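To start, the structure itself, in structure tokens.
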Amino acid sequence: MIDKQLLSLPGIKKILGILTGLAFVQGLAIVGQAYFLAKTIVGLWNGGKLGTQTGWIILFLLCFGLRHFMVYGRDKLLDAFAAKQAAWLRKRLLGKIFRVGPQIVQTNGTGNVTTMALEGMDQVENYFHLILAKVIGLMVVPWLILLAVWYFDWKSGAFLLAIFPLIIVFMVVLGYAAQAKADRQYKTYQMLANHFVDSLRGIDTLKFFGLSKRYARSIFKTSERFRKATINTLKIAILSTFALDFFTTLSIAVVAVLLGLRLLNGQISLFPALTVLILSPEYFLPIRDFSGDYHATLDGKNALSALQKILTITEPQIKQISIEQWQPTSRLELKEANFAYEKGQPALAAISLDTVGYQKVGIIGLSGSGKSTLINVLSGFLQPQKGQVSFGGHQTNSFAQREWQKQLLYLPQNPYIFKATLRENIAFYNPEATPTQIGQALKVVGLSQLVAQLPEGLETVIGEGARELSGGQSQRIALARIFLDQTRKVLLFDEPTAHLDIETEIELKERMLPLMEDHLVFFATHRLHWMQQMDQIIVMEDGKVAEMGTLADLQRKNGAFVRLSRSLRRI
Amino acid sequence: MKIFKLFKEDTWVRPFLGKYRKSLVLALVLGFFTFFCGGALMFNSGYLISRSASHPENILLVYVPIVLTRAFGIGRPVFRYLERLTSHNWVLKLTSELRLKLYQVIEKDAVFFKSKYQTGDILGLLSEDIAHLQNLYLQTVFPTVIAWSLYFFIILGLGYFSVWFALVMLLLLGILVFVFPLTAVVANGARQERQKFLRNKLYAELTDNVLGVSDWIFSQRGSAYNQLHAPAQNELQQVKQAIRNNDHKRDFLVQLLFGVLTVVLVCWTSAAFPGNHGGAANWIAAFVLSVFPLIDAFAPLGAAAQETNVYQDSLVRLNSLPTEKLVEKPAVPALSAPFQLKISHVAFHYEDSQNLVLNELDLTIQNGEHIAILGRSGSGKSTLARLLRGDLRPTNGRVTLNGVATADFGDKICRYVGVLHQAPYLFNTTISNNLRMGDEDATEAEMWTVLERVGLKKLVAQLPQGLETIVDEAGLRFSGGERHRLALARILLQDVPLIILDEPTVSLDPVTEQGLIETFMKQLKGKTIIWITHHLQGLSLMDKVVFIEDGCLEMSGTPQELARTNQHYQKLLAVDHGVLH
């Protein structure tokens with residue numbers, strides 16, 4: 001009944017203990033409340049004056065208050081507990097994301113990761129609260145009440161005890177039936193549900209075909225179909241709530257009628273009968289609570305499972321070695337490296353590299369040839385599954401080395417621009433940069449003019465949802481980061497100009513080339529003209545190195561490189 | 001209060017309330033009877049056992065309460081079941097209407113809607129807003145109205161026995177029905193506002209930084225982010241806790257009030273129904289016991305009222321959508337070939353800025369001409385495309401198709417002009433449905449023919465369900481190149497004389513791009529092609545190349561001429577071929 005994942009939470013035993021204690025007091029108070037109310041009513045029924053019942057009334061109020069005070073205390077306690085657990089889990093999740101990084105984000109999607117850290121955590125927090133309250137309530141309260149009922153009238157007690165499993169069986173059976181029906185309809189259901197958003201997103205396409213006005217009818221029709229399907233599913237889905245409702249209210253009615261009949265025969269007197277009648281709805285209350293908040297509980301449970309899945313991702317064990325600051329004599333070797341995203345489909349096969357000093361290495365190939373994968377291996381985001389990495393003779397198995405990543409700067413196709421000021425973005429790697437240095441960087445990458453035009457200059461907020469930059473401007477900011485951090489001597493470029501228009505590309509190239517001097521550069525691209533400036537060219541084909549050498553070598557060889565150049569400029 | 005003002009000015013929900021009045025009233029009545037039966041069950045049971053305890057001479061005297069007890073016992077779950085179905089049904093009917101309305105509002109401005117609202121997924125958001133309105137009804141409006149009607153009924157019923165006591169209850173229950181919900185809205189309103197603000201802030205911040213996670217790792221400042229995140233997170237936690245504390249306190253007070261209500265009833269009934277071993281005193285248990293089932297009806301009102309704070313944004317967003325009616329376009333004569341597109345002295349600026357995107361543009365595109373419009377991003381190419389299709393009207397000058405301004409055609413322009421985009425949208429339905437958008441009467445044979453022409457016949461034939469295969473959401477089942485080919489097939493079925501290609505290959509790799517361009521040119525032969533692009537791949541296949549720079553025509557000519565005579569073009573060509581620098 002209680003989720004295994006919950007039992008592994010720190011401090012769970014203590015909280016379960018306290019909750020049980022609170023529930024116990026609550027149960028006693030419920031019995032007391034019924035007892036004293038029945039006493040009052042029976043007293044009045046017997047012709048007693050109101051004044052003589054004051055004691056019972058006060059006791060009733062006290063029990064009533066105590067009962068709800070226990071609920072209040074329980075909720076406060078659970079709030080604190082759930083919040084503490086959620087904070088702890090959130091911290092671990094964020095730590096994991098910002099340590100392990102892109103793989104988690106890539107496999108789960110950015111949206112999912114952020115939703116998990118915020119909304120998902122709220123759901124988990126809510127889940128802790130709900131489930132603990134519900135489970136403990138169900139385990140303690142009904143049984144105390146049953147004992148009391150049994151004491152006053154064992155026949156009613158026996159009836160209530162017998163009906164309990166029946167309710168559970170019906171709920172489970174109907175619950176499964178509803179689930180089965182929902183599962184059968186799931187696909188159509190999903191499609192109908194998404195139809196509206198799908199139509200909204202494609203509305204310009206509809207317009208281009210002149211269909212948009214007429215399509216409104218289809219929107220309404222589909223929505224109506226969705227309504228009918230939903231109601232059909234709902235008819236079954238709420239049957240299990242109906243069964244619970246039906247059996248509990250009918251049981252109360254049956255208890256009342258049976259008590260009435262026995263009262264007529266004088267087999268029982270009014271006081272125990274009334275107490276039992278007041279207690280019987282209370283007996284069913286916890287199970288009704290338990291089946292309530294079904295969706296919130298389910299969402300929370302699923303969110304917790306998804307979270308655990310990320311938290312339990314094993315972080316690769318990588319031997320950290322000491323790596324010197326890259327200089328003209330430094331040497332980097334990669335031997336026979338293999339990498340596959342999925343088993344049996346190698347993205348990189350037996351890649352070997354050997355570079356010394358400030359070289360510019362061009363990596364050229366078509367999409368899917370493994371250029372980006374190689375760059376990701378070099379950056380340490382992907383761990384080669386086989387192969388050797390060595391820095392100046394020190395061997396290890398991966399580029400995920402703190403001292404290596406400290407020297408890297410990475411320029412992807414779309415460098416990420418944080419929603420922050422232009423200054424913060426430029427100085428991201430070097431937050432202590434002086435205004436003079438930043439001004440110089442702007443000049444070098446050709447952003448001075450843009451900054452001069454901005455109303456708030458360097459303090460203008462840029463990025464998603466603020467002032468958006470063009471692709472070329474984003475690249476310039478990334479270049480400025482390179483210029484500002486001269487201690488990082490290794491540059492990784494992954495198709496930095498593939499999506500830019502040709503004139504912007506030419507302008508950027510003029511800015512980029514000087515920045516590449518005195519650096520070790522890996523430059524992945526399918527644009528041929530960059531190869532003129534490379535000291536070494538690696539031609540990639542299907543995850544393998546098809547050819548390697550200087551531009552002149554490759555042109556002379558008339559092999560893979562020449563073939564590639566031809567296919568790139570057929571028309 | 002803000003929510004009342006919103007409701008008053010609302011044009012989204014109120015107009016539909018009258019439309020399905022019957023089922024709305026039915027849902028409310030069923031809801032009323034659900035609680036009525038709950039209370040009546042305990043009322044009856046209390047009376048039944050009290051009456052039985054006084055040992056009536058004739059068993060038939062308790063026969064009626066016995067039958068009623070069973071009836072109420074069955075009635076409550078049945079009414080509840082029916083109430084849930086009816087209310088959901090009503091809400092979903094309302095949803096259909098709201099969706100239609102939202103669609104129609106957006107349709108008026110379809111081509112620009114997305115670019116107008118740049119931040120985030122506004123369309124997804126709007127469609128969620130409608131879902132929020134559903135919840136507003138199910139979780140706030142219905143329970144509240146039902147509780148009010150119960151309140152009314154109880155006071156009226158008690159008034160029958162004693163006007164004075166009815167007034168007392170009017171006050172006491174009034175606290176539950178009005179005071180608690182109002183204070184909940186007021187007390188937590190500001191906190192909920194703050195909570196929303198913090199949540200959105202955290203969401204934006206976290207998304208931003210998760211997207212930039214590789215920079216955090218390289219800069220080795222990952223732990224710095226955790227510190228950045230913490231203060232807002234802690235504040236959010238505090239606000240949330242404050243809201244919850246308020247909720248718990250309110251729940252506790254509501255319950256205490258019910259305790260007091262019980263005692264008040266005991267006092268009143270003891271005076272109103274005096275008796276000894278039965279008689280009128282049989283009613284005491286009946287009245288007192290019926291209080292407890294009513295807790296379910298009145299206790300959730302505070303939380304329900306407070307929820308309205310959450311839905312405010314949805315109401316605001318929907319109500320602030322433009323509602324202006326479009327002017328009917330004058331009828332345009334049917335045109336016939338040859339088609340000539342003429343751009344004369346066109347200048348254009350968007351409403352919200354004075355910067356001319358295009359300036360003094362003159363260009364004539366002849367029937368069957370293949371023309372490439374080249375320029376860097378932001379040079380006004382895409383605006384030109386929109387002017388050509390008539391989605392925009394030039395600020396100055398004219399864009400005409402055979403003498404008729406393109407902006408006058410309205411939806412009829414799609415008989416003459418087809419558009420292929422950078423990211424063609426495929427609907428999440430079958431391939432055949434997607435294709436039929438081009439021509440609703442297309443036969444299966446025709447569809448296979450166009451699929452063959454765009455080179456997808458083999459692929460589609462291999463799919464187990466062929467043409468009836470569902471294109472996964474947003475067309476993700478197909479690769480970029482394949483999606484463009486499907487979109488082209490759609491355009492081929494549409495069979496229009498002019499095609500605008502708006503950077504259709506920009507996100508593709510060069511080899512796929514080449515294949516696609518060759519298919520375009522081969523299959524669209526004989527039609528006028530206006531191809532907007534920012535690089536040189538495939539330009540040699542065009543009749544004419546036009547350069548736009550800063551909204552002006554910079555140079556034009558056949559690609560061969562330009563390659564021979566124009567220095568700038570030569571330089572670009574050299575870079576593109578990888579020779580220079």
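Chain lettering (A, B, ...) mirrors the order of the structure tokens, residue numbering begins at 1 for each chain separately, and ligand numbering begins at 1 in order of display.
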(request) Using DSSP on the backbone coordinates, identify all residues within range 222-442 of chain A classified as strand (DSSP E); present the result as a PyMOL selection string. (result) chain A and resi 331-342+345-356+360-364+386-391+394-396+408-411+420-421
(request) Please identify every residue of chain B that has at least one atom no more than 6 Å from any atom of chain A, counting only C-alpha atoms, and report them as a VMD selection string. (result) chain B and resid 45 49 52 to 53 55 66 69 to 70 73 77 92 96 100 110 to 111 119 207 212 218 to 219 222 275 to 277 281 376 411 414 425 534 to 535 538 575 578 to 579
(request) Would you please give, as an MDAnalysis selection string, all residues of range 110-344 of chain A that DSSP assigns to alpha helix (DSSP H) based on the backbone? (result) chainID A and resid 110:115 121:152 154:201 203:208 212:237 239:264 270:291 294:311
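Rounded to one decimal, CA of Gly120 in chain A and CA of Ala304 in chain B lie 23.0 Å from each other.
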(request) Name the residues in contact with range 365-367 of chain B at a cut-off of 8 Å, using only C-alpha atoms, excluding same-chain residues fewer than 6 positions from it; report them as a list in words. (result)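 Final neighbour list, sorted by chain and number: Ala337, Pro338, Phe339, Gln340, Leu341, Lys342, Lys527 and Thr528 of chain B.
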(message) Please determine, counting only C-alpha atoms, which residue among B:Lys412, B:Arg389, B:Arg221, B:Arg436 has the shortest atom-to-atom distance to Pro431 in chain A.
(response) B:Arg221
(request) Report the distance between CA of Asp129 in chain B and CA of Ser314 in chain B in Å, rounded to one decimal place. (result)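 The value is 4.9 Å.
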(request) Identify, on the basis of only C-alpha atoms, every residue whose closest approach to Leu392 in chain B does not exceed 12 Å; exclude the query and any residue fewer than 2 positions from it along the same chain; express the result as JSON, numbers by chain. (result) {"B": [109, 111, 112, 346, 347, 348, 349, 350, 351, 382, 383, 384, 385, 386, 387, 388, 389, 390, 394, 395, 396, 398, 399, 405, 406, 407, 408, 409, 410]}
For N, CA, C and O atoms, I'd like the residues from the last selection saved as a short mmCIF file (atom, residue, chain, number, x, y, z; two decimals), in the first residue's frame.
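selection_1.cif, written as the output of this step:
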```
data_model
loop_
_atom_site.label_atom_id
_atom_site.label_comp_id
_atom_site.auth_asym_id
_atom_site.auth_seq_id
_atom_site.Cartn_x
_atom_site.Cartn_y
_atom_site.Cartn_z
N ASP B 109 -5.84 36.24 -38.27
CA ASP B 109 -4.51 36.82 -38.33
C ASP B 109 -3.47 35.72 -38.43
O ASP B 109 -2.35 35.86 -37.97
N VAL B 111 -1.34 34.17 -40.36
CA VAL B 111 0.03 34.15 -40.85
C VAL B 111 0.98 34.87 -39.89
O VAL B 111 2.15 34.56 -39.79
N PHE B 112 0.42 35.83 -39.15
CA PHE B 112 1.33 36.63 -38.31
C PHE B 112 1.24 36.33 -36.84
O PHE B 112 1.99 36.85 -36.05
N VAL B 346 7.50 49.79 -54.29
CA VAL B 346 7.00 49.32 -53.01
C VAL B 346 7.90 49.73 -51.85
O VAL B 346 9.12 49.59 -51.90
N ALA B 347 7.26 50.32 -50.85
CA ALA B 347 7.95 50.59 -49.59
C ALA B 347 7.11 49.96 -48.50
O ALA B 347 5.88 49.87 -48.62
N PHE B 348 7.74 49.49 -47.46
CA PHE B 348 6.96 48.86 -46.39
C PHE B 348 7.62 49.06 -45.03
O PHE B 348 8.83 48.94 -44.88
N HIS B 349 6.78 49.39 -44.05
CA HIS B 349 7.24 49.29 -42.66
C HIS B 349 6.13 48.70 -41.82
O HIS B 349 4.95 48.86 -42.12
N TYR B 350 6.52 47.95 -40.78
CA TYR B 350 5.52 47.36 -39.89
C TYR B 350 4.91 48.46 -39.03
O TYR B 350 5.53 49.50 -38.79
N GLU B 351 3.69 48.16 -38.54
CA GLU B 351 2.96 49.17 -37.79
C GLU B 351 3.73 49.72 -36.59
O GLU B 351 3.65 50.90 -36.28
N SER B 382 11.80 37.98 -46.36
CA SER B 382 10.57 37.30 -45.98
C SER B 382 9.38 38.25 -46.02
O SER B 382 8.27 37.86 -46.38
N THR B 383 9.63 39.52 -45.69
CA THR B 383 8.57 40.51 -45.79
C THR B 383 8.11 40.61 -47.24
O THR B 383 6.92 40.68 -47.52
N LEU B 384 9.07 40.56 -48.15
CA LEU B 384 8.73 40.63 -49.56
C LEU B 384 7.83 39.46 -49.94
O LEU B 384 6.83 39.62 -50.64
N ALA B 385 8.17 38.27 -49.41
CA ALA B 385 7.35 37.09 -49.72
C ALA B 385 5.92 37.30 -49.27
O ALA B 385 4.96 36.96 -49.96
N ARG B 386 5.76 37.90 -48.08
CA ARG B 386 4.41 38.11 -47.55
C ARG B 386 3.64 39.15 -48.37
O ARG B 386 2.44 39.05 -48.56
N LEU B 387 4.38 40.13 -48.86
CA LEU B 387 3.75 41.13 -49.72
C LEU B 387 3.29 40.49 -51.03
O LEU B 387 2.22 40.79 -51.55
N LEU B 388 4.13 39.59 -51.54
CA LEU B 388 3.80 38.95 -52.81
C LEU B 388 2.52 38.13 -52.68
O LEU B 388 1.69 38.11 -53.58
N ARG B 389 2.36 37.44 -51.55
CA ARG B 389 1.16 36.61 -51.37
C ARG B 389 -0.04 37.44 -50.95
O ARG B 389 -1.16 36.94 -50.88
N GLY B 390 0.20 38.70 -50.63
CA GLY B 390 -0.92 39.55 -50.23
C GLY B 390 -1.27 39.45 -48.76
O GLY B 390 -2.31 39.93 -48.33
N PRO B 394 1.43 46.80 -48.99
CA PRO B 394 2.57 47.72 -48.95
C PRO B 394 2.17 49.09 -48.40
O PRO B 394 1.05 49.53 -48.61
N THR B 395 3.08 49.72 -47.68
CA THR B 395 2.82 51.07 -47.16
C THR B 395 2.72 52.05 -48.32
O THR B 395 1.91 52.96 -48.33
N ASN B 396 3.57 51.83 -49.32
CA ASN B 396 3.56 52.67 -50.53
C ASN B 396 3.74 51.76 -51.72
O ASN B 396 4.37 50.71 -51.62
N ARG B 398 2.62 49.39 -55.16
CA ARG B 398 1.65 48.32 -55.38
C ARG B 398 2.33 47.00 -55.69
O ARG B 398 3.37 46.95 -56.34
N VAL B 399 1.70 45.93 -55.23
CA VAL B 399 2.09 44.60 -55.66
C VAL B 399 0.87 44.04 -56.35
O VAL B 399 -0.20 43.92 -55.76
N ALA B 405 -4.35 44.04 -57.06
CA ALA B 405 -3.49 44.05 -55.87
C ALA B 405 -3.61 42.72 -55.14
O ALA B 405 -4.72 42.24 -54.88
N THR B 406 -2.47 42.11 -54.81
CA THR B 406 -2.52 40.78 -54.20
C THR B 406 -3.23 40.79 -52.85
O THR B 406 -3.83 39.80 -52.46
N ALA B 407 -3.15 41.93 -52.13
CA ALA B 407 -3.78 41.99 -50.82
C ALA B 407 -5.31 41.95 -50.93
O ALA B 407 -6.00 41.70 -49.96
N ASP B 408 -5.86 42.19 -52.14
CA ASP B 408 -7.31 42.18 -52.31
C ASP B 408 -7.89 40.77 -52.48
O ASP B 408 -9.10 40.58 -52.42
N PHE B 409 -7.03 39.80 -52.72
CA PHE B 409 -7.54 38.47 -53.02
C PHE B 409 -8.12 37.77 -51.79
O PHE B 409 -9.00 36.94 -51.91
N GLY B 410 -7.60 38.10 -50.63
CA GLY B 410 -8.03 37.36 -49.44
C GLY B 410 -7.63 35.91 -49.58
O GLY B 410 -6.58 35.58 -50.13
#
```
